[in-house]
Amino acid sequence: MNRFRNYQIMGKDVVIPGGTTEISDYMQTDNTVIETLVIPEGVTRIGEGAFSGCTSLRSVSIPGSVTEIADFAFEDCTSLTSIAIPGGVRKIENDAFLGCSSLSSLVIAESATGIGCRAFTGCDVRNLSHPCLEIRDGLVIQDGVLLSCTGQMTEVVIPEDVTEIGEYAFERCASLRSVSLPKGLRKIGRIAFLRCASLESVKLPGGIRKIHELTFRGCASLRSVSIPKGVVSIGALAFSCCRSLASVDIPESVTKIDRLAFRSCTSLRSVKIPDSVREIGPMAFKGCDISELSHPCLTIHGGLVIQDGRLLYCASQAESIAIPDGVTEIRHHAFLGCERLVSLGIPGSVRKIGMSAFEDCTSLTSIRYGGTQEQWAALENDSPVSGAAVQFIND
């Protein structure tokens, strides 16, 4: 087998030499120079991630000998506007053209088979009729399941006959601002709206019972979400990094909020959690901006989550925080990513600071310690603080 490898490419116009039978996996990841690519007859496989992140790639010629285009082969080739798939192709893996946001012209030979339903997610293909793949108005729908979005639309109205949105369906549809969900919708798969950075609001219909893990992660513009009564659980990282979300009302049907569900929702100040919730996972509200919250499963006071003398994590975006006296341990990752934190008060009662407790606290310049320098030196400290001056109150 003659494989074409990374070191063999130079320049913006690339012609792969004859005699090549396979293009290696992850050969040219993040190459921003290549503009045109000619693949010769004889190549049978384009490897996984082979040209992923080649953001300047505008033109690709795929020969009839190619039988497989692997996962992520042309992922995030954002300048690619058209592609022709020859008839010899027997497999186009899911995510092969993921995030090719300028790809609007797609021609697939009738004899091509094995086309993954998410092969063109995050592209800009509005309509396609093919025995293996049908795209209508930028959506791939089969048997009532919305499998992927292939168009860079700003607004989507999902047809009423759709009962399920599949995993990854709208992943990285960066232009999507609003989506209208049908009343008969019963399930939204995990990671369905991952990194839909422009999505502003979501109203979930009454048939939804679970918000699965990572469903809305990274929807940085999401300001409003309506969770209906009937939802019983909110999955891990479901709304993490939704940095515009300011308030959330959890309905009385919910019994579980899983770990990191709202992590790094930096604008989230108001959360109403009913007594029906019997479990709140670790760091569910880490990196939010909640000063006070009282619930049988979780107490936040002064922006801190403290349990049995241990500071578990910070749920605040405050610039100055004072840890109350009586805390004996600052847990690992407790202040991880608190980029706005400038000044921190640590009481003399603290005996242990966990690993990476202050990692990425890039603004932290001042620590007020309520003990002596000798006590500070005796701490079990797995998170040395660099760049912050320590003031010893009792010296």
# chains A, B, ... in the order shown; residues from 1 in each chain; ligands from 1
call {"tool": "select_by_dssp", "arguments": {"residues": "stretch 257-337 of chain A", "states": "strand (DSSP E)", "output": "PyMOL selection string"}}
result
chain A and resi 257+270-272+279-280+292-295+298-301+304-307+310-314+320-322+329-330
call {"tool": "closest_residue", "arguments": {"among": "A:Pro40, A:Glu164, A:Val231, A:Phe51", "to": "A:Val145", "atoms": "only C-alpha atoms"}}
result
A:Glu164
call {"tool": "closest_residue", "arguments": {"among": "A:Glu134, A:Met355, A:Gly348, A:Glu41", "to": "A:Gly370", "atoms": "only C-alpha atoms"}}
result
A:Gly348
call {"tool": "residues_around", "arguments": {"residues": "A:Lys203", "least_positions_apart": "5", "cutoff": "12 Å", "atoms": "only C-alpha atoms", "output": "number ranges by chain"}}
result
A: 178-183, 185, 208, 222-229
call {"tool": "select_by_dssp", "arguments": {"residues": "stretch 204-389 of chain A", "states": "alpha helix (DSSP H)", "output": "list in words"}}
result
Gln373, Glu374, Gln375, Trp376, Ala377 and Ala378 of chain A
call {"tool": "residues_around", "arguments": {"residues": "A:Val327", "least_positions_apart": "3", "cutoff": "10 Å", "atoms": "only C-alpha atoms", "output": "MDAnalysis selection string"}}
result
chainID A and resid 306:311 323:324 330 346:352
call {"tool": "residues_around", "arguments": {"residues": "A:Val66", "least_positions_apart": "5", "cutoff": "12 Å", "atoms": "only C-alpha atoms", "output": "VMD selection string"}}
result
chain A and resid 20 to 23 39 to 47 61 84 to 92 112
call {"tool": "residues_around", "arguments": {"residues": "A:Asp143", "least_positions_apart": "4", "cutoff": "10 Å", "atoms": "only C-alpha atoms", "output": "list in words"}}
result
Leu147, Asp161, Val162, Thr163 and Glu164 of chain A
call {"tool": "closest_residue", "arguments": {"among": "A:Lys272, A:Arg136, A:Arg172, A:His130", "to": "A:Ser101", "atoms": "only C-alpha atoms"}}
result
A:Arg172
call {"tool": "residues_around", "arguments": {"residues": "A:Arg126", "least_positions_apart": "5", "cutoff": "6 Å", "atoms": "only C-alpha atoms", "output": "list in words"}}
result
Asp137, Gly138 and Gly151 of chain A
call {"tool": "write_last_selection", "arguments": {"atoms": "N, CA and C atoms", "output": "tab-separated table (two decimals), in the first residue's frame"}}
result
chain	number	residue	atom	x	y	z
A	137	ASP	N	-34.90	21.41	2.78
A	137	ASP	CA	-34.79	22.69	3.48
A	137	ASP	C	-33.69	22.65	4.55
A	138	GLY	N	-32.60	21.99	4.20
A	138	GLY	CA	-31.45	21.96	5.10
A	138	GLY	C	-31.54	20.94	6.22
A	151	GLY	N	-27.79	22.96	6.56
A	151	GLY	CA	-27.86	24.31	6.03
A	151	GLY	C	-27.49	25.34	7.07
call {"tool": "closest_residue", "arguments": {"among": "A:Glu155, A:Asp258, A:Asp30, A:Asp71", "to": "A:Ser201", "atoms": "only C-alpha atoms"}}
result
A:Glu155
call {"tool": "closest_residue", "arguments": {"among": "A:Glu213, A:Gly189, A:Glu359, A:Ala220", "to": "A:Arg177", "atoms": "only C-alpha atoms"}}
result
A:Ala220
call {"tool": "decode", "arguments": {"residues": "stretch 272-312 of chain A", "atoms": "N, CA and C atoms", "output": "mmCIF file, in the first residue's frame"}}
result
data_model
loop_
_atom_site.group_PDB
_atom_site.id
_atom_site.type_symbol
_atom_site.label_atom_id
_atom_site.label_comp_id
_atom_site.auth_asym_id
_atom_site.auth_seq_id
_atom_site.Cartn_x
_atom_site.Cartn_y
_atom_site.Cartn_z
ATOM 1 N N LYS A 272 -34.235 28.857 40.291
ATOM 2 C CA LYS A 272 -35.292 28.375 41.179
ATOM 3 C C LYS A 272 -35.331 26.854 41.087
ATOM 4 N N ILE A 273 -35.000 26.208 42.210
ATOM 5 C CA ILE A 273 -34.954 24.748 42.259
ATOM 6 C C ILE A 273 -36.034 24.256 43.212
ATOM 7 N N PRO A 274 -36.992 23.474 42.735
ATOM 8 C CA PRO A 274 -38.081 22.998 43.608
ATOM 9 C C PRO A 274 -37.618 21.876 44.537
ATOM 10 N N ASP A 275 -38.401 21.605 45.547
ATOM 11 C CA ASP A 275 -38.079 20.541 46.503
ATOM 12 C C ASP A 275 -38.166 19.155 45.883
ATOM 13 N N SER A 276 -38.767 19.059 44.697
ATOM 14 C CA SER A 276 -38.849 17.756 44.029
ATOM 15 C C SER A 276 -37.469 17.233 43.623
ATOM 16 N N VAL A 277 -36.504 18.150 43.472
ATOM 17 C CA VAL A 277 -35.143 17.750 43.102
ATOM 18 C C VAL A 277 -34.486 17.065 44.294
ATOM 19 N N ARG A 278 -34.115 15.797 44.094
ATOM 20 C CA ARG A 278 -33.527 15.008 45.181
ATOM 21 C C ARG A 278 -32.026 14.791 45.011
ATOM 22 N N GLU A 279 -31.501 15.162 43.845
ATOM 23 C CA GLU A 279 -30.070 14.976 43.601
ATOM 24 C C GLU A 279 -29.539 16.106 42.723
ATOM 25 N N ILE A 280 -28.475 16.744 43.196
ATOM 26 C CA ILE A 280 -27.766 17.753 42.414
ATOM 27 C C ILE A 280 -26.315 17.309 42.334
ATOM 28 N N GLY A 281 -25.845 17.061 41.133
ATOM 29 C CA GLY A 281 -24.522 16.494 40.920
ATOM 30 C C GLY A 281 -23.392 17.449 41.231
ATOM 31 N N PRO A 282 -22.162 16.910 41.337
ATOM 32 C CA PRO A 282 -20.992 17.737 41.640
ATOM 33 C C PRO A 282 -20.812 18.876 40.648
ATOM 34 N N MET A 283 -20.509 20.052 41.206
ATOM 35 C CA MET A 283 -20.159 21.244 40.419
ATOM 36 C C MET A 283 -21.236 21.620 39.402
ATOM 37 N N ALA A 284 -22.491 21.341 39.734
ATOM 38 C CA ALA A 284 -23.594 21.620 38.810
ATOM 39 C C ALA A 284 -23.667 23.092 38.427
ATOM 40 N N PHE A 285 -23.285 23.988 39.356
ATOM 41 C CA PHE A 285 -23.374 25.432 39.095
ATOM 42 C C PHE A 285 -22.004 26.105 39.212
ATOM 43 N N LYS A 286 -20.950 25.366 39.012
ATOM 44 C CA LYS A 286 -19.604 25.929 39.083
ATOM 45 C C LYS A 286 -19.405 26.977 37.992
ATOM 46 N N GLY A 287 -18.812 28.118 38.396
ATOM 47 C CA GLY A 287 -18.523 29.162 37.417
ATOM 48 C C GLY A 287 -19.723 29.969 36.995
ATOM 49 N N CYS A 288 -20.832 29.861 37.753
ATOM 50 C CA CYS A 288 -21.990 30.725 37.482
ATOM 51 C C CYS A 288 -21.796 32.041 38.234
ATOM 52 N N ASP A 289 -22.879 32.765 38.492
ATOM 53 C CA ASP A 289 -22.770 34.022 39.245
ATOM 54 C C ASP A 289 -23.862 34.079 40.300
ATOM 55 N N ILE A 290 -23.972 32.992 41.076
ATOM 56 C CA ILE A 290 -25.019 32.842 42.085
ATOM 57 C C ILE A 290 -24.432 33.169 43.453
ATOM 58 N N SER A 291 -25.008 34.156 44.126
ATOM 59 C CA SER A 291 -24.519 34.542 45.450
ATOM 60 C C SER A 291 -25.125 33.689 46.550
ATOM 61 N N GLU A 292 -26.435 33.483 46.483
ATOM 62 C CA GLU A 292 -27.123 32.763 47.548
ATOM 63 C C GLU A 292 -28.117 31.779 46.943
ATOM 64 N N LEU A 293 -28.163 30.581 47.537
ATOM 65 C CA LEU A 293 -29.152 29.590 47.142
ATOM 66 C C LEU A 293 -29.311 28.619 48.296
ATOM 67 N N SER A 294 -30.548 28.336 48.645
ATOM 68 C CA SER A 294 -30.816 27.412 49.741
ATOM 69 C C SER A 294 -31.751 26.311 49.260
ATOM 70 N N HIS A 295 -31.259 25.087 49.321
ATOM 71 C CA HIS A 295 -32.020 23.926 48.885
ATOM 72 C C HIS A 295 -31.531 22.736 49.702
ATOM 73 N N PRO A 296 -32.396 21.760 49.985
ATOM 74 C CA PRO A 296 -31.947 20.599 50.774
ATOM 75 C C PRO A 296 -30.728 19.885 50.190
ATOM 76 N N CYS A 297 -30.537 19.973 48.865
ATOM 77 C CA CYS A 297 -29.406 19.291 48.226
ATOM 78 C C CYS A 297 -28.199 20.201 47.987
ATOM 79 N N LEU A 298 -28.391 21.503 48.135
ATOM 80 C CA LEU A 298 -27.308 22.421 47.782
ATOM 81 C C LEU A 298 -27.507 23.764 48.471
ATOM 82 N N THR A 299 -26.440 24.232 49.092
ATOM 83 C CA THR A 299 -26.446 25.569 49.670
ATOM 84 C C THR A 299 -25.291 26.365 49.096
ATOM 85 N N ILE A 300 -25.612 27.555 48.595
ATOM 86 C CA ILE A 300 -24.590 28.485 48.120
ATOM 87 C C ILE A 300 -24.666 29.722 48.990
ATOM 88 N N HIS A 301 -23.555 30.067 49.598
ATOM 89 C CA HIS A 301 -23.506 31.255 50.457
ATOM 90 C C HIS A 301 -22.258 32.055 50.104
ATOM 91 N N GLY A 302 -22.495 33.333 49.791
ATOM 92 C CA GLY A 302 -21.376 34.172 49.383
ATOM 93 C C GLY A 302 -20.705 33.677 48.116
ATOM 94 N N GLY A 303 -21.476 32.999 47.267
ATOM 95 C CA GLY A 303 -20.946 32.489 46.005
ATOM 96 C C GLY A 303 -20.158 31.202 46.137
ATOM 97 N N LEU A 304 -20.168 30.574 47.336
ATOM 98 C CA LEU A 304 -19.366 29.380 47.584
ATOM 99 C C LEU A 304 -20.245 28.195 47.989
ATOM 100 N N VAL A 305 -19.859 27.017 47.540
ATOM 101 C CA VAL A 305 -20.526 25.780 47.934
ATOM 102 C C VAL A 305 -19.632 25.086 48.955
ATOM 103 N N ILE A 306 -20.123 25.019 50.187
ATOM 104 C CA ILE A 306 -19.353 24.467 51.302
ATOM 105 C C ILE A 306 -20.147 23.334 51.938
ATOM 106 N N GLN A 307 -19.461 22.237 52.185
ATOM 107 C CA GLN A 307 -20.128 21.079 52.789
ATOM 108 C C GLN A 307 -19.173 20.414 53.777
ATOM 109 N N ASP A 308 -19.614 20.265 55.010
ATOM 110 C CA ASP A 308 -18.820 19.601 56.046
ATOM 111 C C ASP A 308 -17.408 20.179 56.161
ATOM 112 N N GLY A 309 -17.328 21.500 56.110
ATOM 113 C CA GLY A 309 -16.048 22.175 56.273
ATOM 114 C C GLY A 309 -15.163 22.178 55.046
ATOM 115 N N ARG A 310 -15.657 21.634 53.951
ATOM 116 C CA ARG A 310 -14.876 21.609 52.712
ATOM 117 C C ARG A 310 -15.484 22.560 51.694
ATOM 118 N N LEU A 311 -14.657 23.419 51.116
ATOM 119 C CA LEU A 311 -15.111 24.291 50.045
ATOM 120 C C LEU A 311 -15.043 23.478 48.753
ATOM 121 N N LEU A 312 -16.217 23.148 48.199
ATOM 122 C CA LEU A 312 -16.275 22.272 47.034
ATOM 123 C C LEU A 312 -16.012 23.020 45.729
#
